[in-house]
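Worksheet: one structure, shown below.
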Amino acid sequence: MTKIKLTKIARAKKFHTFLKLCIYFVLICISYVYLEPILRMISMTLMSTKDVIDPSVDWLPKNPSLSNLKVAGTVLDLKKTLVNSVWFSALLACAQTIVSALTGFALSRYNFKFKKLWIIMIILAFIIPVPLLMIPRLMLFISAQNLLGFNLIGTPIPQILMALLGQGVNSTILILIFYNFFNLIPYSLDEAAMIDGASPWQVFVQIGMKLSVSTVLVVFLFSFVWNWNETYITGTLVRNSIELLPSKLNMFDSAFKTYAAAGRGNAEFRINEAYKMSATLLSITPLLILYGFVQKRFIQGIENTGITGE
Amino acid sequence: MAKQKKLLTYHQRQNRQGYRFMLPWIVGFVIFTAIPFVATIYLSFTEVRQTVLGFKITFIGLDNYIMAFFENVEFVPAMLSFLGMIIPYTFVILILSFILAYLLNKITFLKGFLRTIYFLPVIIMSGPVMYQLIDSSSEASRIDTYLKFSDIFIVQMVASYSRRFALLLIGIFDQLSIILWFTGIPIILFINGLQKINPNLYEAAQIDSANSWQILWKITIPIIKPLALVVTIFTIVNLGTFSINPVYGLIKTATENTSGGLGIAATYSWIYSFVVLILIGITFLIFRNKEKGRRHDS
């Protein structure tokens, strides 16, 4: 009797490990599909002109070279655009982090009138498609610039203003992250601080901010990355007066044509594709490096705080 | 002044301080979201001309709409191709991200490594990058994609019923890695939700001799369902914002033409937004109805 049971258990255990192996198999296969575009980019980047034309070369280039990167780098004007992109995104991310922390704190700590209505509005602000809002915004800034007498369009000012007032890229999600995190901090801490005579502002800085360093990091990173990758709003408000890496990548084709016309002769289509892939790789490399450094804290932060709005 | 402050009740203080913290967001919302929202509706019925003195807005009734639907040859096809993209994509993303999150939640070994890979697209995905990838994968190979897949038996079977559906299926498989890249945040959301499920529930079900398939359908999915709504809305919004979306391109070119195109751009974006909002409304209805039915059962 017991023997039968034991074999049953052993069989169940074997089945269990088999299932686990299946899960790993599936997950690893799919992770290859995830990485395929990036791997393809890397392999294309390393190919020399000969390899690109050679149909027998699929993944591994026969004579690898870095010349594609060089060309793509000059076409993208990498040094300038990289610096521009970094400070531009960092500035917007700072503004967004501050305002979402404030809003999230208000929602989690205070019971004010029409709070439910404002929460619905925060969610609505996310759902409304951006193009619907961009035209009046653009008109507003053009009118303001005529009124004030100096340029707003073509400077980062409009976007910073919008980020500072909580209307940046995906602000709603950032607010919800803070809201959820502040909800985890026990209210008795606030009460203790208030009994000791702390002002609301002090409570916010000393308790809210100091306990949420990892959340601030997560929100800042999200915001940085989203602002980095955002091209629609930037394209409408800043246009080409500040050269940013992603928008430059957007115009890579035309930029490459002028570059090729300037002296290199006519490039064939597939060669052009190799350059394109190297440019794309170059434009995501900074983000990949950033992700490599903060990846652990980032994932933990995401999993602990939770974006889920309840 | 100081005296008055002391006289405030607890609720008044809460109210005041809450609004003090909310103030920047509320101001921003009114200026940059609420007013533009209403203004776009108005602008879509007008012709906007930029002059030296400012904007000259003339009311022209439904002309813009007539122009968008009947005169412009680009808008309606762009809208249709947008719909043809967003509906299957959202569906695939929703299901795939749930499956992946479910599997990722089951394992312990290599967990960190795999999650790093699955969250990677959240970081690097941007309009231009997607554009370059889709461009390079399709331009050369679109013609022979169908041929490449048409050898497969299942595809032939589907194609014999409806060729269009087969093409859609092929399109999904062809762009699978691009579609998969949109699953980053949905996976995070689902993993979060899965981790919050009380393990006692599973245990109770196991004692009642439920197998893991039953547990999945009777416990996990009903609890996760409200999250699916969040994920669907997020995906619809997120898919819309990429420059692979053909409507965005049209709106953008119209917006750049500040001398006369702003009214038409407003019309385009209003029609587009209306469609997106309807899509979101439909998903809302789908998920809400089912939930009601469930509550009724129990």
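If you're wondering about the labels, chains in the structure tokens are A, B, ... by order shown, residues count from 1 in each chain, ligands from 1 in order shown.
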
So that each row is one residue of chain A with an atom at most 6 Å from chain B, can you give its shortest atom pair and the distance in Å to one decimal, using only C-alpha atoms, rows by chain and rising number, as JSON lines?
```
{"residue": "A:Val33", "atom": "CA", "partner": "B:Ser177", "partner_atom": "CA", "distance": 5.5}
{"residue": "A:Tyr34", "atom": "CA", "partner": "B:Ser177", "partner_atom": "CA", "distance": 5.6}
{"residue": "A:Leu102", "atom": "CA", "partner": "B:Phe21", "partner_atom": "CA", "distance": 5.5}
{"residue": "A:Thr103", "atom": "CA", "partner": "B:Met22", "partner_atom": "CA", "distance": 5.1}
{"residue": "A:Ala106", "atom": "CA", "partner": "B:Gly18", "partner_atom": "CA", "distance": 5.0}
{"residue": "A:Tyr110", "atom": "CA", "partner": "B:Gly18", "partner_atom": "CA", "distance": 5.1}
{"residue": "A:Asn111", "atom": "CA", "partner": "B:Gln14", "partner_atom": "CA", "distance": 5.8}
{"residue": "A:Phe112", "atom": "CA", "partner": "B:Asn15", "partner_atom": "CA", "distance": 4.0}
{"residue": "A:Pro129", "atom": "CA", "partner": "B:Ser273", "partner_atom": "CA", "distance": 5.8}
{"residue": "A:Pro131", "atom": "CA", "partner": "B:Ser269", "partner_atom": "CA", "distance": 5.7}
{"residue": "A:Leu132", "atom": "CA", "partner": "B:Ser269", "partner_atom": "CA", "distance": 5.1}
{"residue": "A:Leu133", "atom": "CA", "partner": "B:Pro36", "partner_atom": "CA", "distance": 5.2}
{"residue": "A:Pro136", "atom": "CA", "partner": "B:Pro36", "partner_atom": "CA", "distance": 5.1}
{"residue": "A:Leu165", "atom": "CA", "partner": "B:Gly28", "partner_atom": "CA", "distance": 4.4}
{"residue": "A:Gly166", "atom": "CA", "partner": "B:Trp25", "partner_atom": "CA", "distance": 4.9}
{"residue": "A:Asn229", "atom": "CA", "partner": "B:Ser126", "partner_atom": "CA", "distance": 4.7}
{"residue": "A:Asn250", "atom": "CA", "partner": "B:Pro128", "partner_atom": "CA", "distance": 5.0}
{"residue": "A:Ile284", "atom": "CA", "partner": "B:Ile124", "partner_atom": "CA", "distance": 5.9}
```

For this session: Name all residues at most 9 Å from region 184-196 of chain A (count only C-alpha atoms; drop same-chain ones fewer than 2 positions away) and give them as a ChimeraX atom specification.
Result: /A:109,179-182,198-200,202-204,207-208,211,305

Take the residues from that selection and write them out as a short mmCIF file (atom, residue, chain, number, x, y, z; two decimals), in the first residue's frame, keeping N, CA and C atoms.
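Saved file again_30.cif follows:
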```
data_model
loop_
_atom_site.label_atom_id
_atom_site.label_comp_id
_atom_site.auth_asym_id
_atom_site.auth_seq_id
_atom_site.Cartn_x
_atom_site.Cartn_y
_atom_site.Cartn_z
N ARG A 109 -2.11 60.62 1.25
CA ARG A 109 -2.10 61.08 2.63
C ARG A 109 -3.30 61.94 3.03
N TYR A 179 1.85 56.76 -5.61
CA TYR A 179 0.64 56.59 -4.79
C TYR A 179 0.65 55.24 -4.10
N ASN A 180 0.94 54.19 -4.86
CA ASN A 180 0.98 52.86 -4.27
C ASN A 180 2.06 52.73 -3.23
N PHE A 181 3.22 53.34 -3.51
CA PHE A 181 4.31 53.20 -2.55
C PHE A 181 3.99 53.95 -1.26
N PHE A 182 3.48 55.17 -1.38
CA PHE A 182 3.17 55.94 -0.16
C PHE A 182 2.08 55.26 0.65
N ALA A 198 6.10 68.62 13.06
CA ALA A 198 6.56 68.73 11.68
C ALA A 198 5.45 69.30 10.80
N SER A 199 5.85 70.15 9.87
CA SER A 199 4.87 70.70 8.93
C SER A 199 4.62 69.62 7.87
N PRO A 200 3.51 69.76 7.11
CA PRO A 200 3.24 68.78 6.05
C PRO A 200 4.40 68.64 5.10
N GLN A 202 7.55 69.08 5.77
CA GLN A 202 8.60 68.29 6.42
C GLN A 202 8.26 66.81 6.43
N VAL A 203 6.98 66.52 6.67
CA VAL A 203 6.56 65.12 6.64
C VAL A 203 6.85 64.54 5.26
N PHE A 204 6.52 65.31 4.24
CA PHE A 204 6.73 64.85 2.87
C PHE A 204 8.21 64.55 2.60
N ILE A 207 9.79 61.96 5.71
CA ILE A 207 9.25 60.59 5.76
C ILE A 207 9.00 60.06 4.35
N GLY A 208 8.22 60.80 3.58
CA GLY A 208 7.87 60.32 2.25
C GLY A 208 9.08 60.09 1.38
N LEU A 211 12.05 57.62 2.74
CA LEU A 211 11.78 56.19 2.73
C LEU A 211 11.67 55.64 1.31
N THR A 305 7.09 47.97 -5.65
CA THR A 305 6.14 49.08 -5.56
C THR A 305 4.86 48.76 -6.30
#
```

Exercise. Among region 162-227 of chain B, which ones does DSSP place in helix (DSSP H, G or I), written as a VMD selection string?
Worked result: chain B and resid 163 to 174 176 to 181 184 to 196 199 to 207 212 to 227

Convert the current residue selection to file output with C-alpha atoms, as a short mmCIF file (atom, residue, chain, number, x, y, z; two decimals), in the first residue's frame.
```
data_model
loop_
_atom_site.label_atom_id
_atom_site.label_comp_id
_atom_site.auth_asym_id
_atom_site.auth_seq_id
_atom_site.Cartn_x
_atom_site.Cartn_y
_atom_site.Cartn_z
CA ARG B 163 -7.17 34.40 -47.34
CA ARG B 164 -7.36 37.64 -45.44
CA PHE B 165 -7.32 35.90 -42.09
CA ALA B 166 -4.33 33.84 -43.17
CA LEU B 167 -2.49 37.00 -44.13
CA LEU B 168 -3.29 38.47 -40.74
CA LEU B 169 -1.96 35.35 -39.04
CA ILE B 170 1.21 35.47 -41.11
CA GLY B 171 1.59 39.15 -40.30
CA ILE B 172 1.40 38.40 -36.60
CA PHE B 173 4.00 35.65 -36.79
CA ASP B 174 6.23 37.69 -39.02
CA LEU B 176 6.19 38.47 -33.52
CA SER B 177 9.32 39.86 -31.96
CA ILE B 178 8.09 43.39 -32.50
CA ILE B 179 4.73 42.52 -30.96
CA LEU B 180 6.51 40.79 -28.12
CA TRP B 181 8.38 43.98 -27.40
CA GLY B 184 7.14 44.51 -21.25
CA ILE B 185 4.87 46.55 -19.03
CA PRO B 186 1.88 44.18 -19.32
CA ILE B 187 4.12 41.39 -18.01
CA ILE B 188 5.18 43.55 -15.09
CA LEU B 189 1.56 44.33 -14.30
CA PHE B 190 0.52 40.69 -14.48
CA ILE B 191 3.44 39.47 -12.35
CA ASN B 192 2.50 42.05 -9.76
CA GLY B 193 -1.06 40.83 -9.76
CA LEU B 194 -0.07 37.18 -9.62
CA GLN B 195 2.19 37.77 -6.65
CA LYS B 196 -0.64 39.41 -4.75
CA PRO B 199 -1.37 31.31 -1.65
CA ASN B 200 -3.95 29.93 0.80
CA LEU B 201 -6.45 29.95 -2.04
CA TYR B 202 -4.28 27.61 -4.07
CA GLU B 203 -3.77 25.38 -1.10
CA ALA B 204 -7.48 25.16 -0.41
CA ALA B 205 -8.13 24.25 -4.02
CA GLN B 206 -5.42 21.60 -3.94
CA ILE B 207 -6.94 20.05 -0.83
CA SER B 212 -3.37 23.04 -11.76
CA TRP B 213 -5.41 23.55 -14.93
CA GLN B 214 -8.57 23.97 -12.87
CA ILE B 215 -6.74 26.24 -10.45
CA LEU B 216 -5.64 28.40 -13.35
CA TRP B 217 -9.18 28.81 -14.69
CA LYS B 218 -11.10 28.96 -11.44
CA ILE B 219 -8.78 31.01 -9.27
CA THR B 220 -5.99 32.77 -11.12
CA ILE B 221 -7.86 34.09 -14.13
CA PRO B 222 -10.93 35.41 -12.29
CA ILE B 223 -8.70 37.26 -9.82
CA ILE B 224 -6.47 38.61 -12.59
CA LYS B 225 -9.36 39.73 -14.81
CA PRO B 226 -9.64 43.32 -13.55
CA LEU B 227 -5.92 43.67 -14.25
#
```

Exercise. Taking into account only C-alpha atoms, which residue in the set A:Ile119, A:Pro158, A:Lys8, A:Ala255 is nearest to Ala144 (chain A)?
Worked result: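 Among the listed residues, A:Pro158 lies closest to Ala144 (chain A).
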
Exercise. Suppose you want the space between CA of Ala12 (chain A) and CA of Asn211 (chain B); what is it in Å?
Worked result: 12.2 Å

Exercise. What gap, in Å, lies between CA of Ile177 (chain A) and CA of Ser100 (chain A)?
Worked result: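 Value for the CA of Ile177 (chain A)-CA of Ser100 (chain A) distance: 8.7 Å.
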
For this session: Quote the spacing between CA of Gln167 (chain A) and CA of Ala95 (chain A) in Å to one decimal place.
Result: 10.4 Å

Problem set entry | Non-local contacts of Thr235 (chain B) (9 Å; only C-alpha atoms; under 6 positions in same chain excluded) as a list in words | Ile86, Tyr89, Thr90, Ile93, Leu94, Phe182, Thr183, Ile185 and Pro186 of chain B

Could you save those same residues with N, CA and C atoms as a PDB file, in the first residue's frame?
```
ATOM      1  N   ILE B  86      -4.223  47.530 -34.568  1.00  0.00           N
ATOM      2  CA  ILE B  86      -4.339  47.628 -33.102  1.00  0.00           C
ATOM      3  C   ILE B  86      -5.175  46.499 -32.518  1.00  0.00           C
ATOM      4  N   TYR B  89      -3.194  43.080 -32.540  1.00  0.00           N
ATOM      5  CA  TYR B  89      -2.013  43.241 -31.701  1.00  0.00           C
ATOM      6  C   TYR B  89      -2.394  43.241 -30.224  1.00  0.00           C
ATOM      7  N   THR B  90      -3.426  44.002 -29.879  1.00  0.00           N
ATOM      8  CA  THR B  90      -3.821  44.078 -28.474  1.00  0.00           C
ATOM      9  C   THR B  90      -4.200  42.701 -27.956  1.00  0.00           C
ATOM     10  N   ILE B  93      -1.063  40.581 -27.576  1.00  0.00           N
ATOM     11  CA  ILE B  93      -0.233  41.058 -26.468  1.00  0.00           C
ATOM     12  C   ILE B  93      -0.844  40.678 -25.136  1.00  0.00           C
ATOM     13  N   LEU B  94      -2.160  40.838 -25.029  1.00  0.00           N
ATOM     14  CA  LEU B  94      -2.836  40.520 -23.773  1.00  0.00           C
ATOM     15  C   LEU B  94      -2.611  39.063 -23.400  1.00  0.00           C
ATOM     16  N   PHE B 182       6.138  44.796 -27.080  1.00  0.00           N
ATOM     17  CA  PHE B 182       5.139  45.607 -26.385  1.00  0.00           C
ATOM     18  C   PHE B 182       4.671  44.957 -25.082  1.00  0.00           C
ATOM     19  N   THR B 183       5.106  43.719 -24.828  1.00  0.00           N
ATOM     20  CA  THR B 183       4.581  43.024 -23.659  1.00  0.00           C
ATOM     21  C   THR B 183       5.319  43.380 -22.380  1.00  0.00           C
ATOM     22  N   ILE B 185       5.625  46.041 -20.183  1.00  0.00           N
ATOM     23  CA  ILE B 185       4.870  46.545 -19.030  1.00  0.00           C
ATOM     24  C   ILE B 185       3.678  45.658 -18.692  1.00  0.00           C
ATOM     25  N   PRO B 186       2.930  45.130 -19.689  1.00  0.00           N
ATOM     26  CA  PRO B 186       1.881  44.180 -19.319  1.00  0.00           C
ATOM     27  C   PRO B 186       2.393  43.010 -18.481  1.00  0.00           C
TER      28      PRO B 186
END
```

Problem set entry | strand (DSSP E or B) positions in region 41-146 of chain B, given as number ranges by chain | B: 46-50, 55-59

Save the residues we just selected, C-alpha atoms, as a PDB file, in the first residue's frame?
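And here is the file that came out, part29.pdb:
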```
ATOM      1  CA  THR B  46     -12.736  75.740 -38.022  1.00  0.00           C
ATOM      2  CA  GLU B  47     -10.001  76.819 -40.311  1.00  0.00           C
ATOM      3  CA  VAL B  48      -6.961  78.119 -38.482  1.00  0.00           C
ATOM      4  CA  ARG B  49      -4.593  80.555 -40.100  1.00  0.00           C
ATOM      5  CA  GLN B  50      -1.484  81.853 -38.459  1.00  0.00           C
ATOM      6  CA  PHE B  55      -4.194  82.946 -34.968  1.00  0.00           C
ATOM      7  CA  LYS B  56      -7.159  83.730 -37.141  1.00  0.00           C
ATOM      8  CA  ILE B  57      -9.883  81.199 -36.556  1.00  0.00           C
ATOM      9  CA  THR B  58     -12.846  81.031 -38.913  1.00  0.00           C
ATOM     10  CA  PHE B  59     -15.781  78.710 -38.427  1.00  0.00           C
TER      11      PHE B  59
END
```
